[in-house]
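Next comes query.txt, a file with compact mmCIF, C-alpha atoms and all ligand atoms.
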```txt
# COMPACT_ATOMS: atom_id res chain seq x y z
CA MET A 1 33.60 55.54 -9.25
CA THR A 2 34.95 55.33 -5.74
CA PHE A 3 37.75 53.04 -4.68
CA ASN A 4 37.94 52.50 -0.92
CA ALA A 5 41.39 50.99 -0.38
CA LEU A 6 40.39 49.65 3.04
CA LYS A 7 37.63 47.56 1.50
CA GLU A 8 39.72 46.06 -1.33
CA LYS A 9 41.13 42.57 -0.90
CA GLY A 10 44.60 42.83 -2.42
CA ILE A 11 47.24 40.09 -2.06
CA SER A 12 48.20 39.01 1.46
CA ILE A 13 51.80 39.55 2.52
CA ASP A 14 52.57 35.81 2.74
CA LYS A 15 52.00 35.55 -1.04
CA GLN A 16 54.34 38.34 -2.12
CA LEU A 17 57.72 36.61 -2.32
CA ARG A 18 59.08 36.57 -5.90
CA SER A 19 61.98 34.86 -7.69
CA TRP A 20 65.20 36.70 -8.67
CA HIS A 21 64.16 36.43 -12.30
CA ASP A 22 60.79 37.99 -11.58
CA ILE A 23 62.40 40.72 -9.51
CA ALA A 24 65.11 41.75 -11.95
CA HIS A 25 64.43 40.84 -15.57
CA ARG A 26 62.24 43.65 -16.90
CA HIS A 27 63.53 46.79 -18.59
CA PHE A 28 62.23 49.31 -21.09
CA ASN A 29 63.76 50.60 -24.32
CA LYS A 30 65.01 54.16 -23.79
CA TYR A 31 64.24 55.15 -27.39
CA GLU A 32 60.68 53.89 -27.31
CA VAL A 33 59.43 54.49 -23.78
CA ASP A 34 56.84 57.24 -23.27
CA CYS A 35 58.40 60.06 -21.21
CA TYR A 36 55.61 59.75 -18.64
CA SER A 37 56.14 56.00 -18.28
CA ARG A 38 59.73 56.92 -17.40
CA THR A 39 58.57 59.56 -14.89
CA ARG A 40 56.24 57.03 -13.24
CA GLN A 41 59.10 54.53 -13.06
CA ILE A 42 61.43 57.13 -11.51
CA LEU A 43 58.84 58.31 -8.99
CA MET A 44 57.76 54.83 -7.90
CA ASN A 45 61.39 53.93 -7.25
CA GLY A 46 61.54 56.91 -4.88
CA ILE A 47 58.31 55.82 -3.20
CA GLU A 48 59.71 52.32 -2.60
CA VAL A 49 63.02 53.65 -1.26
CA GLU A 50 61.03 55.74 1.24
CA ALA A 51 58.81 52.75 2.15
CA TRP A 52 61.85 50.57 2.88
CA ASN A 53 63.84 53.27 4.67
CA PHE A 54 60.92 54.45 6.81
CA LYS A 55 60.28 50.90 8.03
CA HIS A 56 63.89 50.48 9.07
CA ASN A 57 63.77 53.76 10.94
CA ILE A 58 60.67 52.89 12.96
CA ALA A 59 61.98 49.35 13.59
CA ARG A 60 64.93 51.01 15.35
CA ILE A 61 62.73 52.95 17.76
CA SER A 62 59.89 50.52 18.55
CA ASP A 63 59.61 47.56 20.88
CA ASP A 64 56.08 46.64 19.76
CA GLU A 65 56.51 42.99 18.84
CA GLU A 66 53.55 42.77 16.49
CA LEU A 67 54.69 45.90 14.68
CA CYS A 68 58.25 44.59 14.36
CA VAL A 69 56.99 41.30 12.86
CA PHE A 70 55.05 43.23 10.23
CA LEU A 71 58.05 45.46 9.53
CA ALA A 72 60.42 42.49 9.22
CA GLN A 73 58.08 40.78 6.77
CA THR A 74 57.44 43.78 4.57
CA LYS A 75 60.85 45.55 4.52
CA ARG A 76 62.10 42.80 2.22
CA LEU A 77 58.98 43.06 0.06
CA GLU A 78 59.29 46.85 -0.32
CA ASP A 79 62.96 46.36 -1.17
CA ALA A 80 62.19 43.81 -3.90
CA GLN A 81 59.55 46.15 -5.33
CA GLN A 82 62.17 48.90 -5.42
CA THR A 83 64.54 46.69 -7.41
CA THR A 84 61.92 45.74 -9.98
CA VAL A 85 60.85 49.33 -10.49
CA ASN A 86 64.29 50.95 -10.53
CA TRP A 87 65.83 48.31 -12.78
CA PHE A 88 63.25 48.98 -15.45
CA ALA A 89 65.77 51.67 -16.48
CA PRO A 90 67.95 50.09 -19.20
CA ALA A 91 71.73 49.79 -18.90
CA ASP A 92 72.28 52.15 -21.84
CA GLN A 93 70.38 55.08 -20.30
CA SER A 94 73.10 57.51 -19.24
CA VAL A 95 73.24 59.23 -15.87
CA LEU A 96 72.43 62.58 -17.49
CA GLU A 97 69.52 61.15 -19.46
CA THR A 98 68.14 59.67 -16.24
CA THR A 99 68.76 63.00 -14.53
CA LEU A 100 66.57 64.81 -17.08
CA GLY A 101 63.89 62.25 -16.23
CA TYR A 102 64.25 63.03 -12.51
CA GLU A 103 63.81 66.77 -13.06
CA GLN A 104 60.89 66.20 -15.42
CA VAL A 105 59.27 64.22 -12.58
CA ALA A 106 59.90 67.10 -10.19
CA VAL A 107 58.43 69.76 -12.50
CA ASP A 108 55.36 67.97 -13.77
CA LEU A 109 54.56 66.15 -10.52
CA THR A 110 54.85 69.29 -8.38
CA ALA A 111 52.66 71.22 -10.83
CA TRP A 112 50.00 68.48 -10.66
CA LEU A 113 50.14 68.32 -6.86
CA ALA A 114 49.89 72.10 -6.52
CA GLN A 115 46.72 72.18 -8.62
CA ASN A 116 45.14 69.41 -6.56
CA GLU A 117 46.23 70.61 -3.15
CA PRO A 118 43.38 71.87 -0.93
CA ASP A 119 45.66 73.68 1.57
CA ASP A 120 46.73 77.16 0.32
CA TYR A 121 49.98 77.27 2.29
CA VAL A 122 51.05 73.79 1.15
CA ARG A 123 50.20 74.76 -2.44
CA GLU A 124 52.31 77.90 -2.17
CA THR A 125 55.22 75.78 -0.95
CA PHE A 126 54.83 73.39 -3.89
CA ASN A 127 54.85 76.34 -6.31
CA PHE A 128 57.97 77.70 -4.67
CA GLY A 129 59.90 74.44 -5.09
CA LEU A 130 58.57 73.98 -8.61
CA LEU A 131 60.55 76.90 -10.06
CA GLU A 132 63.78 75.54 -8.62
CA ASP A 133 63.47 72.08 -10.17
CA PHE A 134 62.43 73.78 -13.40
CA ASP A 135 65.78 75.57 -13.42
CA HIS A 136 67.65 72.33 -12.65
CA LEU A 137 66.12 70.70 -15.72
CA TYR A 138 67.48 73.57 -17.81
CA ARG A 139 71.02 73.42 -16.38
CA TYR A 140 71.28 69.63 -16.76
CA SER A 141 69.91 69.87 -20.31
CA GLN A 142 73.00 71.87 -21.29
CA TRP A 143 75.17 69.07 -20.00
CA ALA A 144 73.20 66.29 -21.67
CA TYR A 145 73.86 68.13 -24.91
CA MET A 146 77.53 68.97 -24.21
CA ILE A 147 78.54 65.53 -22.89
CA HIS A 148 76.32 63.09 -24.80
CA GLY A 149 75.31 65.22 -27.78
CA ILE A 150 71.64 64.55 -27.20
CA ASN A 151 68.75 66.90 -27.70
CA PRO A 152 67.06 67.18 -24.27
CA ASP A 153 63.75 66.85 -26.07
CA ASP A 154 64.68 63.21 -26.76
CA ILE A 155 64.00 62.68 -23.05
CA VAL A 156 61.21 65.12 -22.20
CA GLN A 157 59.53 64.57 -25.59
CA GLY A 158 58.32 68.15 -25.88
CA GLN A 159 56.05 67.83 -22.83
CA THR A 160 58.08 70.07 -20.49
CA ASP A 161 59.67 73.43 -21.35
CA ILE A 162 63.41 73.79 -20.96
CA MET A 163 64.56 77.27 -19.98
CA LEU A 164 65.84 79.11 -16.96
CA GLY A 165 63.76 79.35 -13.78
CA ARG A 166 64.74 80.88 -10.47
CA PRO A 167 68.54 80.71 -10.95
CA THR A 168 70.09 77.77 -9.11
CA GLN A 169 72.75 79.93 -7.43
CA ASN A 170 69.84 81.55 -5.54
CA HIS A 171 68.42 78.24 -4.28
CA HIS A 172 70.99 77.97 -1.51
CA ASN A 173 69.26 79.02 1.68
CA CYS A 174 69.82 78.94 5.35
CA ASN A 175 68.22 75.53 5.95
CA VAL A 176 66.41 76.95 8.98
CA LEU A 177 64.53 79.31 6.66
CA ARG A 178 63.43 76.28 4.64
CA LEU A 179 61.40 75.00 7.62
CA ARG A 180 57.68 75.44 7.00
CA LYS A 181 54.65 75.31 9.30
CA HIS A 182 53.29 71.78 9.49
CA TYR A 183 49.72 70.73 8.81
CA ASP A 184 47.44 69.71 11.67
CA LYS A 185 46.98 65.94 11.61
CA ASN A 186 43.40 66.29 12.92
CA THR A 187 42.18 68.66 10.22
CA ALA A 188 44.41 68.07 7.17
CA SER A 189 42.78 66.15 4.34
CA PRO A 190 44.09 62.73 3.22
CA GLN A 191 44.93 64.43 -0.10
CA THR A 192 47.33 66.84 1.64
CA LYS A 193 49.02 64.03 3.58
CA VAL A 194 49.46 61.86 0.48
CA ASN A 195 50.56 64.79 -1.70
CA ILE A 196 53.32 65.82 0.67
CA LEU A 197 54.62 62.33 1.33
CA THR A 198 54.67 61.59 -2.40
CA LEU A 199 56.75 64.68 -3.07
CA VAL A 200 59.10 64.08 -0.12
CA SER A 201 59.77 60.58 -1.49
CA GLY A 202 60.48 61.90 -4.98
CA GLU A 203 62.77 64.69 -3.79
CA GLN A 204 64.64 62.42 -1.41
CA GLN A 205 65.38 59.94 -4.18
CA THR A 206 66.45 62.77 -6.50
CA HIS A 207 68.94 63.78 -3.83
CA ASN A 208 70.09 60.17 -3.48
CA TYR A 209 70.50 59.72 -7.21
CA TYR A 210 72.72 62.79 -7.54
CA ALA A 211 74.68 61.76 -4.44
CA GLU A 212 75.35 58.31 -5.91
CA HIS A 213 75.96 59.32 -9.54
CA GLY A 214 77.28 62.89 -9.68
CA PHE A 215 80.87 61.67 -9.64
CA ALA A 216 80.31 59.46 -12.71
CA TYR A 217 81.63 62.18 -15.02
CA GLY A 218 85.24 63.36 -15.26
CA ASN A 219 84.32 66.93 -16.14
CA GLU A 220 85.06 69.06 -13.08
CA THR A 221 82.30 71.61 -13.68
CA LEU A 222 79.73 68.86 -14.17
CA ARG A 223 80.78 67.18 -10.91
CA GLU A 224 80.36 70.49 -9.14
CA THR A 225 77.01 71.05 -10.85
CA TYR A 226 75.76 67.76 -9.43
CA ALA A 227 77.12 68.75 -6.00
CA GLU A 228 75.40 72.13 -6.21
CA ILE A 229 72.01 70.79 -7.29
CA LYS A 230 72.15 67.80 -4.96
CA ASP A 231 72.44 70.26 -2.08
CA VAL A 232 69.28 72.02 -3.29
CA GLU A 233 67.48 68.66 -3.29
CA GLU A 234 68.57 68.27 0.33
CA GLU A 235 66.93 71.63 1.02
CA HIS A 236 63.81 70.44 -0.79
CA VAL A 237 63.58 67.33 1.40
CA THR A 238 63.99 69.54 4.49
CA MET A 239 61.31 71.95 3.26
CA TYR A 240 58.68 69.45 2.19
CA GLU A 241 59.08 67.07 5.14
CA SER A 242 58.66 69.99 7.56
CA LEU A 243 55.06 70.31 6.28
CA ILE A 244 54.22 66.95 7.92
CA ASP A 245 52.72 66.96 11.42
CA PRO A 246 55.48 65.47 13.60
CA THR A 247 52.99 64.47 16.30
CA GLU A 248 51.46 61.67 14.23
CA SER A 249 52.23 58.39 15.99
CA ILE A 250 54.35 55.77 14.23
CA TYR A 251 51.13 53.76 13.62
CA GLU A 252 49.51 56.75 11.96
CA LYS A 253 52.63 57.41 9.90
CA LEU A 254 52.80 53.77 8.86
CA LEU A 255 49.15 53.86 7.81
CA ILE A 256 49.70 57.00 5.71
CA HIS A 257 52.81 55.48 4.12
CA GLU A 258 50.98 52.35 2.95
CA PHE A 259 48.01 54.40 1.79
CA MET A 260 50.34 56.71 -0.13
CA GLU A 261 51.84 53.67 -1.89
CA VAL A 262 48.36 52.38 -2.75
CA CYS A 263 47.32 55.76 -4.19
CA ASN A 264 50.43 56.09 -6.32
CA TYR A 265 50.21 52.57 -7.79
CA TYR A 266 46.51 53.10 -8.38
CA THR A 267 47.28 56.26 -10.38
CA CYS A 268 50.12 54.57 -12.30
CA LEU A 269 47.86 51.66 -13.25
CA ARG A 270 45.09 54.00 -14.34
CA ASP A 271 47.40 56.09 -16.57
CA GLU A 272 49.96 53.62 -17.91
CA VAL A 273 50.43 53.14 -21.66
CA ASP A 274 53.32 50.63 -21.47
CA GLU A 275 52.01 47.07 -21.22
CA LYS A 276 55.01 45.70 -19.28
CA LEU A 277 54.89 48.46 -16.70
CA LYS A 278 51.11 48.20 -16.41
CA LEU A 279 51.35 44.57 -15.28
CA VAL A 280 53.80 45.55 -12.55
CA TRP A 281 51.66 48.47 -11.36
CA GLU A 282 48.67 46.13 -11.16
CA GLU A 283 50.52 43.50 -9.13
CA PHE A 284 52.14 46.05 -6.83
CA LEU A 285 48.82 47.80 -6.19
CA ALA A 286 47.50 44.45 -4.95
CA PHE A 287 50.65 44.03 -2.79
CA GLU A 288 50.19 47.46 -1.23
CA LEU A 289 46.54 46.77 -0.46
CA GLY A 290 47.85 43.75 1.46
CA HIS A 291 50.30 45.96 3.40
CA LEU A 292 47.62 48.56 4.05
CA LYS A 293 45.25 45.98 5.50
CA VAL A 294 47.75 44.97 8.22
CA ALA A 295 48.85 48.56 8.89
CA ALA A 296 45.19 49.60 9.32
CA GLU A 297 44.51 46.72 11.73
CA LEU A 298 47.55 47.66 13.81
CA PHE A 299 46.53 51.33 13.84
CA GLN A 300 42.99 50.45 14.90
CA LYS A 301 44.23 48.19 17.71
CA ARG A 302 46.79 50.62 19.10
CA GLU A 303 44.85 53.88 18.70
CA ASN A 304 41.33 52.62 19.15
CA ARG A 305 39.98 54.53 16.18
CA ASP A 306 39.13 53.83 12.57
CA ALA A 307 41.79 54.06 9.88
CA GLU A 308 39.18 55.91 7.81
CA GLU A 309 39.47 58.87 10.17
CA VAL A 310 43.00 59.38 8.82
CA ILE A 311 42.91 58.24 5.20
CA GLY A 312 39.24 58.71 4.33
CA THR A 313 37.07 56.40 2.26
CA ASP A 314 38.24 57.20 -1.25
CA ILE A 315 41.45 56.99 -3.22
CA VAL A 316 43.64 60.04 -3.86
CA ILE A 317 45.32 60.67 -7.25
CA PRO A 318 48.80 61.96 -6.37
CA CYS A 319 50.91 61.32 -9.48
CA HIS A 320 49.04 61.95 -12.68
CA PHE A 321 51.53 63.07 -15.33
CA GLU A 322 50.63 65.32 -18.21
CA SER A 323 52.16 68.40 -19.81
CA GLN A 324 52.03 71.33 -17.38
CA LYS A 325 53.57 74.01 -19.60
CA ASP A 326 50.80 76.57 -19.10
CA TYR A 327 50.72 76.15 -15.34
CA VAL A 328 54.50 76.36 -15.00
CA LYS A 329 54.69 79.36 -17.33
CA ASN A 330 52.27 81.28 -15.12
CA ILE A 331 54.29 80.56 -11.97
CA LEU A 332 57.51 81.43 -13.81
CA LEU A 333 56.25 84.81 -14.96
CA ASN A 334 54.86 85.72 -11.54
CA GLU A 335 57.09 84.11 -8.91
CA ILE A 336 60.68 84.04 -10.18
CA ASP A 337 61.62 86.73 -7.63
CA LYS A 338 59.88 84.99 -4.72
CA ARG A 339 62.11 84.06 -1.77
CA LEU A 340 61.81 82.41 1.66
CA GLY A 341 60.63 84.87 4.28
CA THR A 342 61.88 85.05 7.85
CA ASP A 343 58.63 83.93 9.48
CA ASN A 344 57.90 80.59 7.75
CA ASP A 345 56.39 82.68 4.98
CA TYR A 346 57.39 83.99 1.54
CA SER A 347 58.84 87.28 0.41
CA LYS A 348 60.20 88.98 -2.73
CA ILE A 349 63.81 89.90 -3.52
CA ASP A 350 63.22 93.63 -3.08
CA LYS A 351 61.58 93.09 0.33
CA LEU A 352 64.38 91.01 1.86
CA PRO A 353 66.14 92.46 4.92
CA GLU A 354 69.84 93.26 4.58
CA ASP A 355 70.71 90.55 7.07
CA TRP A 356 68.62 87.85 5.33
CA ALA A 357 70.22 84.60 6.54
CA SER A 358 70.49 83.02 3.09
CA TYR A 359 72.82 85.75 1.80
CA ASP A 360 75.61 84.45 4.01
CA ILE A 361 75.05 80.91 2.78
CA GLN A 362 75.08 81.97 -0.88
CA LYS A 363 78.20 84.08 -0.47
CA ALA A 364 80.00 81.16 1.20
CA VAL A 365 79.06 78.34 -1.20
CA SER A 366 79.45 80.42 -4.39
CA LYS A 367 82.70 82.07 -3.29
CA ASP A 368 84.65 80.29 -6.07
CA GLY A 369 81.80 80.60 -8.55
CA SER A 370 78.54 78.81 -9.13
CA PRO A 371 78.93 75.67 -11.31
CA THR A 372 75.42 76.14 -12.70
CA GLU A 373 76.44 79.61 -13.94
CA MET A 374 79.66 78.18 -15.41
CA THR A 375 77.46 75.63 -17.21
CA ILE A 376 75.86 78.43 -19.20
CA ARG A 377 79.24 80.06 -19.84
CA LEU A 378 80.61 76.79 -21.25
CA ILE A 379 77.79 76.26 -23.70
CA SER A 380 78.06 79.90 -24.68
CA GLU A 381 81.77 79.40 -25.43
CA ALA A 382 81.10 76.30 -27.49
CA LYS A 383 77.97 77.27 -29.34
CA LYS A 384 77.52 81.02 -28.77
CA ARG A 385 73.93 80.26 -27.85
CA ASP A 386 71.72 78.74 -25.22
CA ILE A 387 69.38 75.78 -25.26
CA ILE A 388 65.85 77.05 -24.75
CA LEU A 389 62.97 74.79 -25.66
CA ALA A 390 59.85 76.84 -25.03
CA ASP A 391 57.39 78.94 -27.01
CA ASP A 392 58.65 82.08 -28.76
CA LYS A 393 57.10 84.50 -26.28
CA LEU A 394 58.78 82.80 -23.33
CA LYS A 395 62.09 82.68 -25.21
CA LYS A 396 61.84 86.41 -25.81
CA ASP A 397 61.08 87.01 -22.12
CA ALA A 398 64.05 84.95 -20.87
CA PRO A 399 66.61 87.80 -20.41
CA LYS A 400 64.02 89.95 -18.61
CA LEU A 401 63.09 87.03 -16.39
CA LEU A 402 66.74 86.48 -15.51
CA GLU A 403 67.06 90.14 -14.54
CA LYS A 404 64.01 89.83 -12.29
CA GLY A 405 65.07 86.48 -10.79
CA LEU A 406 68.65 87.27 -9.76
CA GLU A 407 69.51 88.58 -6.29
CA LYS A 408 71.89 91.52 -6.69
CA GLU A 409 73.12 91.16 -3.11
CA ALA A 410 74.86 87.80 -3.50
CA LEU A 411 75.90 87.26 -7.10
CA ALA A 412 78.43 84.49 -7.74
CA PRO A 413 81.61 85.89 -9.37
CA ASP A 414 80.94 83.97 -12.60
CA THR A 415 77.29 84.98 -12.93
CA VAL A 416 76.06 85.28 -16.50
CA SER A 417 74.63 88.80 -16.59
CA PRO A 418 71.23 89.46 -18.17
CA LYS A 419 73.07 91.49 -20.85
CA GLU A 420 75.40 88.60 -21.71
CA TYR A 421 72.47 86.26 -21.62
CA ALA A 422 70.44 88.40 -24.02
CA GLU A 423 73.26 87.98 -26.59
CA MET A 424 73.17 84.18 -26.27
CA ALA A 425 69.42 83.92 -26.31
CA LYS A 426 69.15 85.63 -29.71
CA TYR A 427 69.96 82.45 -31.60
CA GLU A 428 67.91 79.30 -32.05
CA PHE A 429 69.20 76.08 -30.53
CA GLU A 430 70.43 73.70 -33.19
CA MET A 431 71.68 70.14 -32.91
FE FE B 1 55.98 49.14 -1.63
FE FE B 2 65.79 69.42 -8.88
FE FE B 3 63.84 69.19 -6.05
FE FE B 4 54.04 48.98 1.29
```
Final structure tokens representation of the file:
Amino acid sequence: MTFNALKEKGISIDKQLRSWHDIAHRHFNKYEVDCYSRTRQILMNGIEVEAWNFKHNIARISDDEELCVFLAQTKRLEDAQQTTVNWFAPADQSVLETTLGYEQVAVDLTAWLAQNEPDDYVRETFNFGLLEDFDHLYRYSQWAYMIHGINPDDIVQGQTDIMLGRPTQNHHNCNVLRLRKHYDKNTASPQTKVNILTLVSGEQQTHNYYAEHGFAYGNETLRETYAEIKDVEEEHVTMYESLIDPTESIYEKLLIHEFMEVCNYYTCLRDEVDEKLKLVWEEFLAFELGHLKVAAELFQKRENRDAEEVIGTDIVIPCHFESQKDYVKNILLNEIDKRLGTDNDYSKIDKLPEDWASYDIQKAVSKDGSPTEMTIRLISEAKKRDIILADDKLKKDAPKLLEKGLEKEALAPDTVSPKEYAEMAKYEFEM
């Protein structure tokens, strides 16, 4: 069945104002919520933050009166949507529990997008980022256990593996190397445009969450771990946003933004198992169709061409969540030693030039040690073992993977060696 968003009626923007009670009263139960309802809730918060922020940014650079009226009307509506979605998280969900949710979003969303991405280069970039967020989930899982005594599986519910990926200390790059080649707005498919903008929104909010919450814990190594991973999320925003064609006009960008919101709410509504969330997705889909209608009219007036030329005639499914263990495992086994090349491409550790620009960055930021390495040392001290939640074959491969994934040229002084790691990995995780 096709769903042409431009032909759907939706709710007009003058009927979208809601009461404080309606905006703020809903929340889920952290013990009962399905992990993929939580990932939808986390992602859609990021999408709304981007919607609000983007509108403020173009309002600051445009003197088109009709555009500014639309922006003024809908900035407040996007903002209220953000509150409703974000505040679904209950007050008793800790920062680390929420953090595991953020990284589960990153892993399972990126894996889904990669498999549904028609552009090979964009897909390769998604796969590259995937292995970094996969490693973040592992490092934060150690902390969720050490600080709150929880089993990380209480959050990811067995849907996402927890084990090392490309080691976080090797995610710190020269940000110029992170810049990718952008798609061509005239030939890229609507799927590519929506995929990238969805992921940029998610990564940006992950960065924001760590920036706003990483200081919530007194433990010095945990603070530094948040600082270290937050900086990687900054690199991820830089990398993914550089895939977007910067020559799209603000009308075209606005059109893609509203369409991206429509597609994500459409997917959430289609997949949702939580009745309370489902009602919100349904209402907000209708709201976004109302935004899209005005954005499409503005685009058509200013650019003299059909909105369908940009966003097509059918919906895109950007955020379907399901277990991606097999997909991620394959990337993990084959790409852990992949690195950013010097020509907007990709390389392998053993092919990097001696003067690779990221070595200097890694040596500088990890001069006093890498907090994400110290994380593993701390749990090793306390429990003499590591937390790995994956199948037995992957568990057995972990020390070998670490050996393959570490850059010998820029090791942090506190790096856990593959030999030390092999000792820890011998024992089963126990609560
Ligand atoms: Fe919105
Ligand atoms: Fe991450
Ligand atoms: Fe990320
Ligand atoms: Fe919107």
Would you pick out the contacts of Asn175 in chain A at 10 Å or less, using all atoms listed in the file, so that residues sharing its chain but fewer than 5 positions from it are not included, and give the list as an mmCIF file with C-alpha atoms, in the frame of the given file?
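Written file, selection.cif:
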```cif
data_model
loop_
_atom_site.group_PDB
_atom_site.id
_atom_site.type_symbol
_atom_site.label_atom_id
_atom_site.label_comp_id
_atom_site.auth_asym_id
_atom_site.auth_seq_id
_atom_site.Cartn_x
_atom_site.Cartn_y
_atom_site.Cartn_z
ATOM 1 C CA VAL A 232 69.280 72.020 -3.290
ATOM 2 C CA GLU A 234 68.570 68.270 0.330
ATOM 3 C CA GLU A 235 66.930 71.630 1.020
ATOM 4 C CA HIS A 236 63.810 70.440 -0.790
ATOM 5 C CA THR A 238 63.990 69.540 4.490
ATOM 6 C CA MET A 239 61.310 71.950 3.260
ATOM 7 C CA ALA A 357 70.220 84.600 6.540
ATOM 8 C CA SER A 358 70.490 83.020 3.090
ATOM 9 C CA ILE A 361 75.050 80.910 2.780
#
```
>> Report as a list in words all protein, DNA and RNA residues lying within 12 Å of Glu32 in chain A, evaluated on all atoms listed in the file, omitting residues in the same chain fewer than 4 positions from it.
In response: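 Everything that qualifies: His27, Phe28, Tyr36, Ser37, Arg38, Pro90, Asp154, Ile155, Gln157, Val273 and Asp274 of chain A.
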Would you mind listing what lies within 9 Å of Ala390 in chain A as an mmCIF file with C-alpha atoms, in the frame of the given file, with all atoms listed in the file counted and same-chain residues fewer than 5 positions away left out?
```
data_model
loop_
_atom_site.group_PDB
_atom_site.id
_atom_site.type_symbol
_atom_site.label_atom_id
_atom_site.label_comp_id
_atom_site.auth_asym_id
_atom_site.auth_seq_id
_atom_site.Cartn_x
_atom_site.Cartn_y
_atom_site.Cartn_z
ATOM 1 C CA GLY A 158 58.320 68.150 -25.880
ATOM 2 C CA THR A 160 58.080 70.070 -20.490
ATOM 3 C CA ASP A 161 59.670 73.430 -21.350
ATOM 4 C CA ILE A 162 63.410 73.790 -20.960
ATOM 5 C CA MET A 163 64.560 77.270 -19.980
ATOM 6 C CA LYS A 325 53.570 74.010 -19.600
ATOM 7 C CA LYS A 395 62.090 82.680 -25.210
#
```
> Which chains and residue numbers are within 6 Å of ligand FE 3 (chain B), counting all atoms listed in the file, if I want them as a ChimeraX atom specification?
Replying inline: /A:133,203,233,236
> Using all atoms listed in the file, which protein or nucleic acid residues are at most 10 Å from ligand FE 4 (chain B), as a ChimeraX atom specification?
Replying inline: /A:13,47-48,50-52,55,71,74-75,77-79,81,254-255,257-262,284-285,287-292,295
> Can you tell me how far CA of Asp414 in chain A sits from CA of Lys329 in chain A, in Å to one decimal?
Replying inline: 27.1 Å
> Which of these residues is nearest to ligand FE 2 (chain B), using only C-alpha atoms and all ligand atoms: A:Ala296, A:Leu137, A:Ile147, A:Ile58?
Replying inline: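 Closest to ligand FE 2 (chain B) of all the choices is A:Leu137.
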> Any idea what's packed within 12 Å of Glu407 in chain A, counting all atoms listed in the file, ignoring anything in its chain fewer than 2 positions away? Could you give it as number ranges by chain?
Replying inline: A: 166-172, 336-339, 348-352, 354, 356, 358-359, 362-363, 402-405, 409-412, 415, 417
Could you name the residues that touch range 382-386 of chain A at 7 Å or less, counting only C-alpha atoms, but leaving out those on the same chain fewer than 3 positions away, as a short mmCIF file (atom, residue, chain, number, x, y, z; two decimals) with C-alpha atoms, keeping the file's coordinate frame?
```cif
data_model
loop_
_atom_site.label_atom_id
_atom_site.label_comp_id
_atom_site.auth_asym_id
_atom_site.auth_seq_id
_atom_site.Cartn_x
_atom_site.Cartn_y
_atom_site.Cartn_z
CA LEU A 378 80.61 76.79 -21.25
CA ILE A 379 77.79 76.26 -23.70
CA MET A 424 73.17 84.18 -26.27
CA ALA A 425 69.42 83.92 -26.31
CA TYR A 427 69.96 82.45 -31.60
CA PHE A 429 69.20 76.08 -30.53
#
```
> So, counting all atoms listed in the file, which residue among A:Leu222, A:Ala89, A:Val280, A:Leu113 is closest to ligand FE 1 (chain B)?
Replying inline: A:Val280
> So which residues are near ligand FE 2 (chain B), meaning at most 9 Å away with only C-alpha atoms and all ligand atoms counted, given back as a list in words?
Replying inline: Tyr102, Glu103, Gln104, Ala106, Val107, Gly129, Leu130, Glu132, Asp133, Phe134, Asp135, His136, Leu137, Glu203, Thr206, His207, Ile229, Lys230, Val232, Glu233 and His236 of chain A
> Separation of CA of Val316 in chain A and CA of Tyr346 in chain A, in Å?
Replying inline: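 Rounded to one decimal, the two atoms are 28.1 Å apart.
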>> With distances taken over all atoms listed in the file, which residue among A:Lys408, A:Lys426, A:Lys193, A:Arg76 lies nearest Ser380 in chain A?
In response: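 Of A:Lys408, A:Lys426, A:Lys193, A:Arg76, the one nearest Ser380 in chain A is A:Lys426, counting all atoms listed in the file.
The space between CA of Val294 in chain A and CA of Ser249 in chain A spans 16.1 Å.
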> So, counting all atoms listed in the file, which residue among A:Asp355, A:Glu97, A:Asp119, A:Glu283 is closest to ligand FE 1 (chain B)?
Replying inline: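 For ligand FE 1 (chain B), the nearest of the given residues is A:Glu283.
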